[in-house]
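S.K.: One file is attached below, coords-v5.txt, containing compact mmCIF, C-alpha atoms.
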```txt
# COMPACT_ATOMS: atom_id res chain seq x y z
CA MET A 1 -52.39 31.41 -107.67
CA PRO A 2 -52.94 34.17 -105.10
CA LEU A 3 -52.26 33.23 -101.50
CA HIS A 4 -54.43 34.98 -98.92
CA LEU A 5 -52.88 35.66 -95.54
CA THR A 6 -53.86 37.65 -92.49
CA VAL A 7 -50.79 39.46 -91.22
CA ASN A 8 -51.02 41.53 -88.06
CA ASP A 9 -54.83 41.53 -88.49
CA GLU A 10 -54.63 42.88 -92.04
CA ASP A 11 -55.62 40.90 -95.13
CA ARG A 12 -52.74 40.41 -97.51
CA VAL A 13 -52.25 38.64 -100.83
CA SER A 14 -49.02 37.14 -102.14
CA MET A 15 -48.35 35.84 -105.61
CA ARG A 16 -45.06 34.18 -104.69
CA ASP A 17 -44.14 30.55 -105.28
CA PRO A 18 -45.94 28.57 -102.55
CA LEU A 19 -42.65 27.09 -101.40
CA THR A 20 -41.19 30.55 -100.67
CA PRO A 21 -40.26 30.81 -97.00
CA LEU A 22 -42.80 32.93 -95.16
CA VAL A 23 -40.05 35.18 -93.82
CA ASP A 24 -39.13 36.26 -97.35
CA VAL A 25 -42.71 37.21 -98.13
CA LEU A 26 -43.01 39.15 -94.87
CA ARG A 27 -39.81 41.07 -95.45
CA ASP A 28 -39.63 41.51 -99.23
CA GLU A 29 -43.28 41.84 -100.13
CA PHE A 30 -44.94 43.25 -97.03
CA PHE A 31 -41.85 45.19 -95.77
CA LEU A 32 -42.21 43.76 -92.29
CA THR A 33 -38.51 43.52 -91.58
CA GLY A 34 -38.69 42.70 -87.87
CA ALA A 35 -38.30 38.98 -88.53
CA LYS A 36 -34.70 38.45 -89.55
CA VAL A 37 -33.18 36.00 -92.00
CA VAL A 38 -30.10 34.51 -90.39
CA CYS A 39 -29.58 30.74 -90.52
CA ARG A 40 -32.48 29.54 -92.70
CA GLU A 41 -32.26 26.25 -90.82
CA GLY A 42 -34.60 26.78 -87.90
CA PHE A 43 -31.71 26.92 -85.45
CA CYS A 44 -31.31 30.61 -84.63
CA GLY A 45 -34.87 31.80 -83.96
CA ALA A 46 -34.35 35.25 -85.49
CA CYS A 47 -37.27 34.72 -87.87
CA THR A 48 -39.77 33.61 -85.21
CA VAL A 49 -43.36 34.71 -85.84
CA TRP A 50 -46.72 33.47 -84.62
CA VAL A 51 -48.89 31.42 -86.93
CA ASN A 52 -52.33 30.80 -85.47
CA GLY A 53 -50.86 31.66 -82.09
CA ARG A 54 -47.92 29.26 -82.25
CA SER A 55 -44.31 30.45 -82.39
CA VAL A 56 -42.71 29.03 -85.52
CA ALA A 57 -39.56 29.48 -87.57
CA SER A 58 -40.80 31.44 -90.57
CA CYS A 59 -37.69 30.51 -92.59
CA LEU A 60 -38.94 26.92 -92.73
CA LEU A 61 -42.62 27.58 -93.30
CA PRO A 62 -43.64 27.64 -96.97
CA VAL A 63 -45.95 30.57 -97.57
CA GLY A 64 -48.38 28.13 -99.18
CA LEU A 65 -48.89 26.46 -95.79
CA ALA A 66 -49.47 29.83 -94.14
CA ALA A 67 -52.37 30.69 -96.44
CA ASP A 68 -55.59 31.36 -94.53
CA CYS A 69 -53.62 31.49 -91.27
CA LYS A 70 -53.35 34.35 -88.81
CA ILE A 71 -49.78 35.56 -88.75
CA HIS A 72 -48.35 37.97 -86.23
CA THR A 73 -44.91 39.51 -86.44
CA VAL A 74 -42.90 41.49 -83.90
CA GLU A 75 -44.40 44.67 -85.41
CA SER A 76 -47.73 43.68 -83.84
CA LEU A 77 -46.50 43.69 -80.25
CA SER A 78 -46.66 47.40 -79.55
CA THR A 79 -50.01 49.11 -79.69
CA GLY A 80 -50.69 52.81 -80.14
CA GLY A 81 -47.01 53.59 -79.94
CA ASN A 82 -46.69 51.89 -76.56
CA LEU A 83 -44.21 49.12 -76.07
CA SER A 84 -45.47 45.75 -74.88
CA PRO A 85 -44.52 44.86 -71.29
CA LEU A 86 -41.73 42.59 -72.53
CA GLN A 87 -40.41 45.17 -74.99
CA LYS A 88 -40.34 47.68 -72.12
CA ALA A 89 -38.53 45.15 -69.92
CA PHE A 90 -35.95 44.57 -72.67
CA GLU A 91 -35.36 48.30 -72.82
CA ASP A 92 -35.21 48.67 -69.05
CA HIS A 93 -32.68 45.84 -68.76
CA ASP A 94 -30.58 47.08 -71.67
CA ALA A 95 -31.11 43.68 -73.29
CA VAL A 96 -30.86 44.80 -76.91
CA GLN A 97 -27.51 45.02 -78.60
CA CYS A 98 -27.04 44.39 -82.33
CA GLY A 99 -30.75 43.83 -82.89
CA MET A 100 -30.65 40.62 -84.91
CA CYS A 101 -31.98 38.21 -82.31
CA PHE A 102 -34.30 40.23 -80.13
CA PRO A 103 -37.39 40.32 -82.40
CA GLY A 104 -37.38 36.52 -82.34
CA MET A 105 -36.67 36.52 -78.61
CA LEU A 106 -39.66 38.80 -78.07
CA MET A 107 -41.98 36.58 -80.09
CA THR A 108 -40.79 33.40 -78.37
CA LEU A 109 -40.89 34.85 -74.86
CA THR A 110 -44.15 36.74 -75.23
CA SER A 111 -46.08 33.60 -76.15
CA PHE A 112 -44.16 31.53 -73.60
CA LEU A 113 -44.94 33.94 -70.75
CA GLU A 114 -48.60 33.99 -71.74
CA ARG A 115 -48.67 30.21 -71.29
CA GLU A 116 -46.32 30.16 -68.28
CA PRO A 117 -46.80 33.40 -66.35
CA ARG A 118 -45.02 31.95 -63.31
CA ALA A 119 -42.04 30.51 -65.15
CA THR A 120 -38.73 30.03 -63.37
CA ARG A 121 -35.42 31.32 -64.72
CA GLU A 122 -34.57 27.78 -65.82
CA GLU A 123 -37.85 27.47 -67.68
CA ILE A 124 -37.26 30.80 -69.39
CA LYS A 125 -33.83 29.59 -70.47
CA ALA A 126 -35.30 26.34 -71.75
CA ALA A 127 -37.88 28.30 -73.75
CA LEU A 128 -35.03 30.23 -75.38
CA VAL A 129 -32.97 27.28 -76.59
CA GLY A 130 -34.04 27.96 -80.16
CA ASN A 131 -33.07 31.64 -80.06
CA VAL A 132 -29.39 32.31 -80.50
CA CYS A 133 -27.75 35.58 -79.38
CA ARG A 134 -24.12 36.35 -80.16
CA CYS A 135 -23.90 39.61 -78.19
CA THR A 136 -25.45 39.57 -74.77
CA GLY A 137 -24.64 36.23 -73.19
CA TYR A 138 -28.40 35.91 -72.62
CA GLU A 139 -28.44 36.89 -68.96
CA ARG A 140 -29.96 40.34 -69.44
CA ILE A 141 -32.58 38.89 -71.76
CA VAL A 142 -33.47 36.30 -69.13
CA ASP A 143 -33.40 39.03 -66.46
CA ALA A 144 -35.86 41.08 -68.52
CA ALA A 145 -38.25 38.18 -68.99
CA PHE A 146 -37.95 37.14 -65.35
CA SER A 147 -38.70 40.68 -64.20
CA LEU A 148 -42.22 40.27 -65.61
CA VAL A 149 -42.66 37.00 -63.73
CA SER A 150 -41.39 38.55 -60.54
CA ALA A 151 -43.76 41.49 -60.96
CA GLU A 152 -46.81 39.19 -61.14
CA MET B 153 -42.64 27.75 -109.96
CA ASN B 154 -43.44 24.80 -107.69
CA SER B 155 -47.02 23.75 -107.24
CA LEU B 156 -48.63 23.01 -103.90
CA HIS B 157 -51.92 21.18 -103.59
CA VAL B 158 -53.39 21.57 -100.12
CA ALA B 159 -55.27 18.31 -99.59
CA THR B 160 -58.47 18.34 -97.58
CA SER B 161 -58.74 14.60 -96.92
CA VAL B 162 -56.58 11.49 -97.03
CA ALA B 163 -58.43 10.34 -100.15
CA ASP B 164 -57.76 13.70 -101.79
CA ALA B 165 -54.07 13.49 -100.88
CA ILE B 166 -53.73 9.93 -102.19
CA ALA B 167 -55.40 10.84 -105.48
CA ALA B 168 -53.26 13.97 -105.88
CA LEU B 169 -50.05 12.08 -105.14
CA ALA B 170 -50.98 9.26 -107.50
CA ASP B 171 -51.77 11.81 -110.18
CA ARG B 172 -48.39 13.50 -109.82
CA GLY B 173 -46.44 10.25 -109.88
CA ASP B 174 -42.69 10.60 -109.48
CA ALA B 175 -42.89 14.39 -109.90
CA GLY B 176 -44.79 14.84 -106.62
CA ALA B 177 -44.23 14.24 -102.93
CA PRO B 178 -46.17 14.74 -99.70
CA LEU B 179 -45.41 17.78 -97.54
CA ALA B 180 -46.14 17.66 -93.82
CA GLY B 181 -44.43 20.11 -91.43
CA ALA B 182 -41.96 21.11 -94.17
CA THR B 183 -38.99 21.59 -91.81
CA TRP B 184 -36.89 18.98 -93.64
CA ILE B 185 -38.01 19.72 -97.19
CA MET B 186 -37.50 23.48 -96.82
CA ARG B 187 -33.84 22.82 -96.07
CA ALA B 188 -33.33 20.78 -99.25
CA PRO B 189 -31.47 23.65 -100.98
CA ILE B 190 -28.97 23.76 -98.10
CA ARG B 191 -28.33 20.04 -98.64
CA LYS B 192 -28.04 20.79 -102.38
CA GLU B 193 -31.05 18.56 -103.07
CA PRO B 194 -33.63 19.65 -105.65
CA HIS B 195 -37.23 20.20 -104.67
CA TYR B 196 -39.95 18.16 -106.30
CA ARG B 197 -41.92 20.02 -108.92
CA SER B 198 -45.13 19.48 -107.02
CA TYR B 199 -46.03 18.89 -103.39
CA VAL B 200 -49.22 17.73 -101.76
CA ALA B 201 -49.66 19.40 -98.38
CA LEU B 202 -51.10 17.17 -95.65
CA ALA B 203 -51.14 19.72 -92.83
CA LYS B 204 -54.81 20.70 -93.22
CA ILE B 205 -56.18 17.15 -93.08
CA GLU B 206 -57.95 16.94 -89.76
CA GLU B 207 -57.76 13.15 -89.51
CA LEU B 208 -53.97 13.30 -89.62
CA GLN B 209 -53.82 15.67 -86.64
CA GLN B 210 -55.55 13.37 -84.14
CA VAL B 211 -54.02 11.53 -81.20
CA GLU B 212 -56.25 8.80 -79.77
CA LEU B 213 -55.64 6.65 -76.71
CA LEU B 214 -57.37 3.32 -77.34
CA ASP B 215 -57.63 0.24 -75.13
CA ASP B 216 -54.67 -1.49 -76.71
CA ARG B 217 -52.72 1.26 -78.45
CA LEU B 218 -51.95 4.91 -78.95
CA SER B 219 -52.90 6.08 -82.43
CA ILE B 220 -51.01 9.13 -83.72
CA GLY B 221 -51.98 10.86 -86.96
CA ALA B 222 -49.10 11.49 -89.34
CA CYS B 223 -49.33 15.28 -89.07
CA VAL B 224 -49.30 15.45 -85.28
CA THR B 225 -46.47 17.80 -84.33
CA HIS B 226 -43.79 17.01 -81.80
CA ALA B 227 -45.17 19.69 -79.47
CA GLN B 228 -48.72 18.37 -79.73
CA LEU B 229 -47.59 14.79 -79.14
CA ALA B 230 -45.45 15.73 -76.14
CA ALA B 231 -48.32 17.65 -74.56
CA VAL B 232 -50.89 14.88 -75.06
CA ILE B 233 -48.84 11.93 -73.82
CA ALA B 234 -46.82 13.63 -71.09
CA PRO B 235 -49.22 12.30 -68.38
CA LEU B 236 -48.96 8.72 -69.71
CA PRO B 237 -45.92 6.99 -68.17
CA GLU B 238 -46.19 3.98 -70.51
CA PHE B 239 -45.08 6.21 -73.39
CA HIS B 240 -42.35 8.03 -71.48
CA ALA B 241 -39.63 7.48 -74.12
CA LEU B 242 -41.82 8.91 -76.83
CA ALA B 243 -42.91 11.89 -74.74
CA ALA B 244 -39.28 12.63 -73.88
CA ALA B 245 -38.29 12.38 -77.55
CA ALA B 246 -41.12 14.61 -78.74
CA GLY B 247 -40.53 17.14 -75.97
CA SER B 248 -36.77 17.48 -76.38
CA SER B 249 -36.16 17.36 -80.12
CA ALA B 250 -34.68 20.37 -81.94
CA ASN B 251 -36.12 23.52 -80.32
CA PRO B 252 -39.58 24.77 -79.32
CA ALA B 253 -40.35 26.50 -82.65
CA ILE B 254 -39.39 23.44 -84.68
CA ARG B 255 -41.41 21.19 -82.36
CA GLN B 256 -44.46 23.31 -83.23
CA MET B 257 -43.94 22.54 -86.93
CA ALA B 258 -42.23 19.17 -87.38
CA THR B 259 -44.53 16.15 -87.53
CA ILE B 260 -44.22 12.49 -86.63
CA GLY B 261 -44.85 11.48 -90.23
CA GLY B 262 -42.19 13.84 -91.48
CA ASN B 263 -39.72 12.55 -88.90
CA LEU B 264 -40.31 8.99 -90.12
CA CYS B 265 -40.09 9.85 -93.81
CA ALA B 266 -36.97 12.05 -93.70
CA ALA B 267 -34.66 9.21 -94.73
CA GLY B 268 -31.60 11.42 -94.78
CA PHE B 269 -32.13 12.67 -91.22
CA ALA B 270 -30.15 10.29 -89.02
CA ALA B 271 -30.75 12.31 -85.84
CA ALA B 272 -34.55 12.13 -85.86
CA ASP B 273 -35.58 11.72 -82.21
CA LEU B 274 -38.95 10.07 -82.69
CA VAL B 275 -37.60 7.18 -84.75
CA PRO B 276 -35.60 5.35 -82.04
CA ALA B 277 -38.31 6.11 -79.48
CA LEU B 278 -40.89 4.46 -81.73
CA ILE B 279 -38.58 1.51 -82.40
CA CYS B 280 -38.12 0.81 -78.69
CA LEU B 281 -41.89 0.98 -78.18
CA ALA B 282 -42.50 -1.49 -81.07
CA ALA B 283 -44.60 0.96 -83.08
CA GLN B 284 -46.36 0.11 -86.30
CA VAL B 285 -46.88 2.42 -89.28
CA GLU B 286 -50.12 2.49 -91.26
CA LEU B 287 -49.71 3.38 -94.91
CA ALA B 288 -52.56 4.56 -97.11
CA MET B 289 -52.47 4.16 -100.89
CA PRO B 290 -54.95 3.94 -103.74
CA GLY B 291 -57.51 1.28 -102.92
CA GLU B 292 -55.79 -0.18 -99.88
CA SER B 293 -53.95 0.39 -96.67
CA MET B 294 -51.27 -1.66 -94.97
CA ARG B 295 -49.69 -1.82 -91.57
CA VAL B 296 -45.99 -2.56 -91.14
CA SER B 297 -43.56 -2.61 -88.24
CA ILE B 298 -41.47 0.50 -87.93
CA GLY B 299 -38.35 -1.52 -88.72
CA THR B 300 -39.89 -2.66 -92.00
CA PHE B 301 -41.04 0.86 -92.78
CA LEU B 302 -37.50 2.21 -92.40
CA THR B 303 -36.28 -0.24 -95.05
CA MET B 304 -39.03 0.66 -97.54
CA ARG B 305 -39.51 4.41 -96.94
CA THR B 306 -37.31 5.54 -99.84
CA ASN B 307 -39.20 3.35 -102.30
CA LEU B 308 -42.83 4.06 -101.50
CA PRO B 309 -44.99 4.01 -104.63
CA PRO B 310 -46.66 7.23 -105.86
CA GLY B 311 -49.91 7.80 -104.01
CA CYS B 312 -48.65 6.19 -100.80
CA LEU B 313 -48.51 8.16 -97.57
CA VAL B 314 -48.11 7.55 -93.86
CA ARG B 315 -51.56 7.79 -92.32
CA ARG B 316 -50.89 7.07 -88.68
CA VAL B 317 -48.45 5.52 -86.24
CA MET B 318 -49.65 3.04 -83.66
CA VAL B 319 -47.86 2.36 -80.41
CA PRO B 320 -48.99 -0.67 -78.40
CA ARG B 321 -49.85 -0.22 -74.75
CA THR B 322 -47.60 -2.34 -72.52
CA THR B 323 -46.33 -2.52 -68.97
CA CYS B 324 -42.80 -1.66 -70.11
CA ARG B 325 -40.93 1.25 -68.66
CA SER B 326 -39.00 3.33 -71.12
CA ASP B 327 -36.64 6.25 -71.46
CA HIS B 328 -35.04 8.34 -74.18
CA VAL B 329 -31.66 9.99 -73.72
CA ARG B 330 -29.70 12.09 -76.16
CA LEU B 331 -26.32 13.73 -76.28
CA THR B 332 -26.13 17.14 -77.88
CA LEU B 333 -23.03 19.26 -78.23
CA ARG B 334 -24.88 22.30 -76.93
CA LYS B 335 -26.86 21.85 -73.75
CA ALA B 336 -30.14 22.06 -75.65
CA GLY B 337 -31.67 23.14 -78.92
CA ASP B 338 -29.28 21.06 -81.00
CA TYR B 339 -29.50 17.81 -82.93
CA PRO B 340 -28.10 14.90 -80.94
CA VAL B 341 -24.93 13.06 -81.91
CA VAL B 342 -26.20 9.94 -80.10
CA ILE B 343 -29.71 8.87 -79.15
CA VAL B 344 -30.64 5.89 -76.99
CA SER B 345 -34.22 4.76 -76.48
CA LEU B 346 -34.69 1.89 -74.05
CA ALA B 347 -37.85 0.01 -73.09
CA ALA B 348 -37.79 -2.80 -70.56
CA GLU B 349 -40.29 -4.98 -68.80
CA LEU B 350 -39.11 -5.69 -65.29
CA SER B 351 -40.13 -8.40 -62.85
CA PRO B 352 -41.18 -7.33 -59.33
CA ALA B 353 -37.60 -8.11 -58.29
CA GLY B 354 -36.26 -5.72 -60.93
CA VAL B 355 -35.03 -8.40 -63.35
CA VAL B 356 -35.34 -7.64 -67.06
CA LYS B 357 -38.02 -9.86 -68.64
CA SER B 358 -37.87 -8.22 -72.05
CA ALA B 359 -35.98 -5.29 -73.51
CA ARG B 360 -35.86 -3.22 -76.67
CA VAL B 361 -32.88 -0.94 -77.21
CA ALA B 362 -32.89 1.47 -80.14
CA ILE B 363 -29.97 3.59 -81.23
CA GLY B 364 -30.31 6.76 -83.28
CA SER B 365 -27.83 9.16 -84.88
CA VAL B 366 -24.89 6.77 -84.46
CA GLU B 367 -25.47 5.04 -87.79
CA ALA B 368 -27.17 6.42 -90.88
CA VAL B 369 -30.49 4.82 -89.92
CA ALA B 370 -31.79 4.21 -86.40
CA ARG B 371 -32.09 0.54 -85.44
CA ARG B 372 -32.61 -1.96 -82.66
CA TRP B 373 -29.57 -3.21 -80.79
CA GLU B 374 -30.64 -6.83 -80.45
CA LYS B 375 -27.30 -8.21 -79.32
CA LEU B 376 -27.39 -5.93 -76.29
CA GLU B 377 -31.06 -6.71 -75.66
CA ARG B 378 -30.22 -10.42 -75.34
CA LEU B 379 -27.51 -9.67 -72.79
CA LEU B 380 -29.88 -7.62 -70.65
CA ILE B 381 -32.64 -10.23 -70.33
CA GLY B 382 -32.57 -12.20 -67.10
CA HIS B 383 -30.45 -9.69 -65.22
CA PRO B 384 -31.21 -6.68 -63.01
CA LEU B 385 -31.21 -3.39 -64.91
CA ASP B 386 -28.10 -2.16 -63.14
CA PRO B 387 -26.75 0.99 -64.89
CA GLY B 388 -23.09 0.03 -64.44
CA ASP B 389 -23.68 -3.49 -65.72
CA VAL B 390 -25.72 -2.18 -68.66
CA THR B 391 -22.94 0.26 -69.55
CA GLU B 392 -20.35 -2.54 -69.52
CA LYS B 393 -22.50 -4.77 -71.69
CA ALA B 394 -23.09 -1.94 -74.15
CA ALA B 395 -19.34 -1.34 -74.35
CA LEU B 396 -18.82 -5.05 -75.11
CA CYS B 397 -21.31 -4.89 -78.00
CA ALA B 398 -20.37 -1.46 -79.34
CA GLU B 399 -17.87 -2.75 -81.87
CA GLU B 400 -20.72 -3.84 -84.14
CA MET B 401 -21.78 -0.21 -84.62
CA GLN B 402 -20.74 1.62 -87.79
CA GLY B 403 -20.25 5.18 -86.53
CA ARG B 404 -21.57 7.85 -88.87
CA GLU B 405 -19.11 10.58 -89.85
CA GLY B 406 -20.51 14.09 -89.60
CA VAL B 407 -19.41 17.69 -89.22
CA GLU B 408 -20.76 17.73 -85.67
CA ALA B 409 -19.00 14.54 -84.53
CA PRO B 410 -16.82 11.79 -85.98
CA GLY B 411 -18.05 8.21 -86.05
CA TRP B 412 -15.65 6.95 -83.38
CA TYR B 413 -16.91 9.56 -80.91
CA ARG B 414 -20.51 8.47 -81.28
CA ILE B 415 -19.52 4.87 -80.53
CA LYS B 416 -17.29 5.89 -77.63
CA VAL B 417 -20.02 7.74 -75.75
CA LEU B 418 -22.83 5.32 -76.63
CA PRO B 419 -22.40 2.88 -73.68
CA SER B 420 -22.62 5.73 -71.15
CA LEU B 421 -25.91 6.87 -72.66
CA VAL B 422 -27.34 3.36 -72.52
CA GLY B 423 -26.36 3.22 -68.85
CA ARG B 424 -28.00 6.59 -68.29
CA ALA B 425 -31.23 5.34 -69.82
CA ALA B 426 -31.12 2.30 -67.52
CA ARG B 427 -30.60 4.55 -64.50
CA ASN B 428 -33.53 6.72 -65.51
CA ILE B 429 -35.77 3.67 -65.86
CA GLN B 430 -34.69 2.51 -62.39
CA GLY B 431 -35.76 5.94 -61.17
CA GLN B 432 -39.24 5.38 -62.54
CA CYS B 433 -39.72 2.24 -60.40
```
Please lay out the structure from this file as structure tokens.
M.R.:
Amino acid sequence: MPLHLTVNDEDRVSMRDPLTPLVDVLRDEFFLTGAKVVCREGFCGACTVWVNGRSVASCLLPVGLAADCKIHTVESLSTGGNLSPLQKAFEDHDAVQCGMCFPGMLMTLTSFLEREPRATREEIKAALVGNVCRCTGYERIVDAAFSLVSAE
Amino acid sequence: MNSLHVATSVADAIAALADRGDAGAPLAGATWIMRAPIRKEPHYRSYVALAKIEELQQVELLDDRLSIGACVTHAQLAAVIAPLPEFHALAAAAGSSANPAIRQMATIGGNLCAAGFAAADLVPALICLAAQVELAMPGESMRVSIGTFLTMRTNLPPGCLVRRVMVPRTTCRSDHVRLTLRKAGDYPVVIVSLAAELSPAGVVKSARVAIGSVEAVARRWEKLERLLIGHPLDPGDVTEKAALCAEEMQGREGVEAPGWYRIKVLPSLVGRAARNIQGQC
């Protein structure tokens, strides 16, 4: 049975098993490889996408439950070739290293900062507890996010 | 290929589940079921999704109780009841479980029905608040205490689903504390949920202590409750009493912590919950 999804404002159809993790459909069928498959347990956050505006772990969301939902991936953040403010801050703070975690970090932090534009450093760290990074030690990522708060 | 029926009403879900019999199961937030392959457990051939049933996504504050639909997520629950001090333990549990992305997906009904998940945060919180579970099935519904539900949840008949959870409104103060091996974003190795009704002088009139993650299934700690009644809720005293009773616990072995460790740290967490409740006074 075809599953209709709206991904990054485009209508898409998947014929996959409805229990297929959404991240596999995004990557293998729609070639949106920004969301990463790492733990498949909802612990690492590398597969974070937005479903109807909420940040979720796409490794644990069956594509059948995402049908008729609005899905946004990290590929949707930049517009017209321009980085989003948080993407720019990541670049400015040299926050990106191996590249596995930061798409999920961007999705988590972008929606968090929209809700909490005056967040403290501690609140930013708390928002990131579900996003694991093995390279940076987190501080530059937090610095980048906090720079947007400070600039408000 | 698995089949997924997306139910549009409770009646639709009950009929679909009854029709599928033992080959089908309800699917709520899916965070537990999607990890079945990691646990080397087979999926059911057919699932009935409950996530689009509006009735199951409602939280209602009534005169005598809080009514929580089975598909209310942890994040939704935490946000709705955060301003209500009478449900503090439940708000703390819903707001601290797993990590923010999982809290957006995992539901209260799923937390209750995941029988193999010993570290479910909402379960001890609901036990300490004396919650009841409403089950819907073909032609009838029934309401059971959460303790009874935990004993029957692996043997629910086909067509039976959790419709809502009801938490009575009381004058108890409550708290929920958890020990994780990472500072946050991890599943706890010990959970303590404590609710106590205190006299104006601070003496415990009634108490419910619930322990999660220590044993395979969360439960009340009635022996400790009896020792607390009639005494001030002094954290040091509570810790000592918990240590005296701890030998009755059967610590659960796990890759994250051995059973003895869970029992060893348990009294300190009970004392911490008592201190936090004192801080609410």
S.K.: Quick check: residues of chain B within 10 Å of chain A, all atoms listed in the file, returned as a PyMOL selection string.
M.R.: chain B and resi 153-158+179-187+190+195+198-199+201-204+250-258+334-339
S.K.: Suppose you want the space between CA of Asp28 in chain A and CA of Ser14 in chain A; what is it in Å?
M.R.: 10.8 Å
S.K.: Which one of B:Gly388, B:Gly382, B:Gly221, B:Pro410 sits closest to Val317 in chain B if you count all atoms listed in the file?
M.R.: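 Among the listed residues, the smallest separation from Val317 in chain B belongs to B:Gly221.
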S.K.: Residues near Met318 in chain B, anyone? I mean within 8 Å using all atoms listed in the file, not counting same-chain ones fewer than 3 positions away, as a list in words.
M.R.: Arg217, Leu218, Ser219, Ile220, Ala283, Gln284, Val285 and Glu286 of chain B
S.K.: Kindly export the residues of the current selection with C-alpha atoms, as an mmCIF file, keeping the file's coordinate frame.
M.R.:
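Result saved to again18.cif:
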```
data_model
loop_
_atom_site.group_PDB
_atom_site.id
_atom_site.type_symbol
_atom_site.label_atom_id
_atom_site.label_comp_id
_atom_site.auth_asym_id
_atom_site.auth_seq_id
_atom_site.Cartn_x
_atom_site.Cartn_y
_atom_site.Cartn_z
ATOM 1 C CA ARG B 217 -52.720 1.260 -78.450
ATOM 2 C CA LEU B 218 -51.950 4.910 -78.950
ATOM 3 C CA SER B 219 -52.900 6.080 -82.430
ATOM 4 C CA ILE B 220 -51.010 9.130 -83.720
ATOM 5 C CA ALA B 283 -44.600 0.960 -83.080
ATOM 6 C CA GLN B 284 -46.360 0.110 -86.300
ATOM 7 C CA VAL B 285 -46.880 2.420 -89.280
ATOM 8 C CA GLU B 286 -50.120 2.490 -91.260
#
```
S.K.: For Leu302 in chain B, which of B:Ala394, B:Ala244, B:Ala222, B:Leu278 is the closest residue, counting all atoms listed in the file?
M.R.: B:Leu278
S.K.: CA of His93 in chain A and CA of Gly81 in chain A, how far apart in Å?
M.R.: 19.8 Å
S.K.: Between B:Leu287, B:Met304, B:Ala277, B:Val314, which residue has the minimum interatomic distance to Ala362 in chain B, considering all atoms listed in the file?
M.R.: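 When distances to Ala362 in chain B are compared using all atoms listed in the file, the smallest one comes from B:Ala277.
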S.K.: Tell me, in Å to one decimal, how far CA of Cys133 in chain A is from CA of Cys47 in chain A.
M.R.: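 If I compute the distance from CA of Cys133 in chain A to CA of Cys47 in chain A, I get 12.8 Å.
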S.K.: Just the residues within 7 Å of range 163-172 of chain B, please, counting only C-alpha atoms, with nothing from its chain fewer than 5 positions along; format it as a PyMOL selection string.
M.R.: chain B and resi 177+200+289-290+310-312
S.K.: Filtering to C-alpha atoms, could you give me those residues as a JSON list (two decimals), keeping the file's coordinate frame?
M.R.:
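Result file result-v5.json:
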```
[["chain", "number", "residue", "atom", "x", "y", "z"],
["B", 177, "ALA", "CA", -44.23, 14.24, -102.93],
["B", 200, "VAL", "CA", -49.22, 17.73, -101.76],
["B", 289, "MET", "CA", -52.47, 4.16, -100.89],
["B", 290, "PRO", "CA", -54.95, 3.94, -103.74],
["B", 310, "PRO", "CA", -46.66, 7.23, -105.86],
["B", 311, "GLY", "CA", -49.91, 7.80, -104.01],
["B", 312, "CYS", "CA", -48.65, 6.19, -100.80]]
```
S.K.: Enumerate, as a list in words, the protein, DNA and RNA residues whose atoms approach (-50.7, 17.9, -75.4) to within 12 Å, taking into account all atoms listed in the file and the coordinate frame of the file.
M.R.: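 Every polymer residue passing the test: Gln209, Gln210, Val211, Glu212, Val224, Thr225, His226, Ala227, Gln228, Leu229, Ala230, Ala231, Val232, Ile233, Ala234, Pro235, Leu236, Ala243, Ala246, Gly247 and Gln256 of chain B.
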S.K.: Near Phe90 in chain A, within 10 Å and counting all atoms listed in the file, which residues show up once chain neighbours fewer than 6 positions away are dropped, as a PyMOL selection string?
M.R.: chain A and resi 84+96+102+106+140-145+147
S.K.: Can those selected residues be exported to a file as an mmCIF file, keeping the file's coordinate frame so that it contains C-alpha atoms?
M.R.:
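Saved file result_4.cif follows:
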```cif
data_model
loop_
_atom_site.group_PDB
_atom_site.id
_atom_site.type_symbol
_atom_site.label_atom_id
_atom_site.label_comp_id
_atom_site.auth_asym_id
_atom_site.auth_seq_id
_atom_site.Cartn_x
_atom_site.Cartn_y
_atom_site.Cartn_z
ATOM 1 C CA SER A 84 -45.470 45.750 -74.880
ATOM 2 C CA VAL A 96 -30.860 44.800 -76.910
ATOM 3 C CA PHE A 102 -34.300 40.230 -80.130
ATOM 4 C CA LEU A 106 -39.660 38.800 -78.070
ATOM 5 C CA ARG A 140 -29.960 40.340 -69.440
ATOM 6 C CA ILE A 141 -32.580 38.890 -71.760
ATOM 7 C CA VAL A 142 -33.470 36.300 -69.130
ATOM 8 C CA ASP A 143 -33.400 39.030 -66.460
ATOM 9 C CA ALA A 144 -35.860 41.080 -68.520
ATOM 10 C CA ALA A 145 -38.250 38.180 -68.990
ATOM 11 C CA SER A 147 -38.700 40.680 -64.200
#
```
S.K.: Dump as a list of chain:residue names all residues having an atom at most 7 Å from (-22.3, 14.1, -79.0), computed in the file's coordinates with all atoms listed in the file.
M.R.: B:Leu331, B:Thr332, B:Leu333, B:Pro340, B:Val341, B:Val342, B:Ala409, B:Arg414
S.K.: Nearest residue to Thr110 in chain A out of A:Val7, A:Leu83, A:Cys135, A:Leu77, using only C-alpha atoms?
M.R.: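 Closest candidate: A:Leu77.
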S.K.: For range 362-429 of chain B versus range 345-358 of chain B, which residues have an atom no more than 7 Å away, and what is each residue's nearest atom pair and distance in Å rounded to one decimal, using only C-alpha atoms, chain-then-number order, as CSV?
M.R.:
```
residue,atom,partner,partner_atom,distance
B:Ala362,CA,B:Ser345,CA,5.1
B:Ile363,CA,B:Ser345,CA,6.5
B:Leu380,CA,B:Val356,CA,6.5
B:Ile381,CA,B:Val356,CA,5.0
B:Gly382,CA,B:Val356,CA,5.3
B:His383,CA,B:Val355,CA,5.1
B:Pro384,CA,B:Val355,CA,4.2
B:Leu385,CA,B:Val356,CA,6.3
B:Ala425,CA,B:Leu346,CA,6.5
```
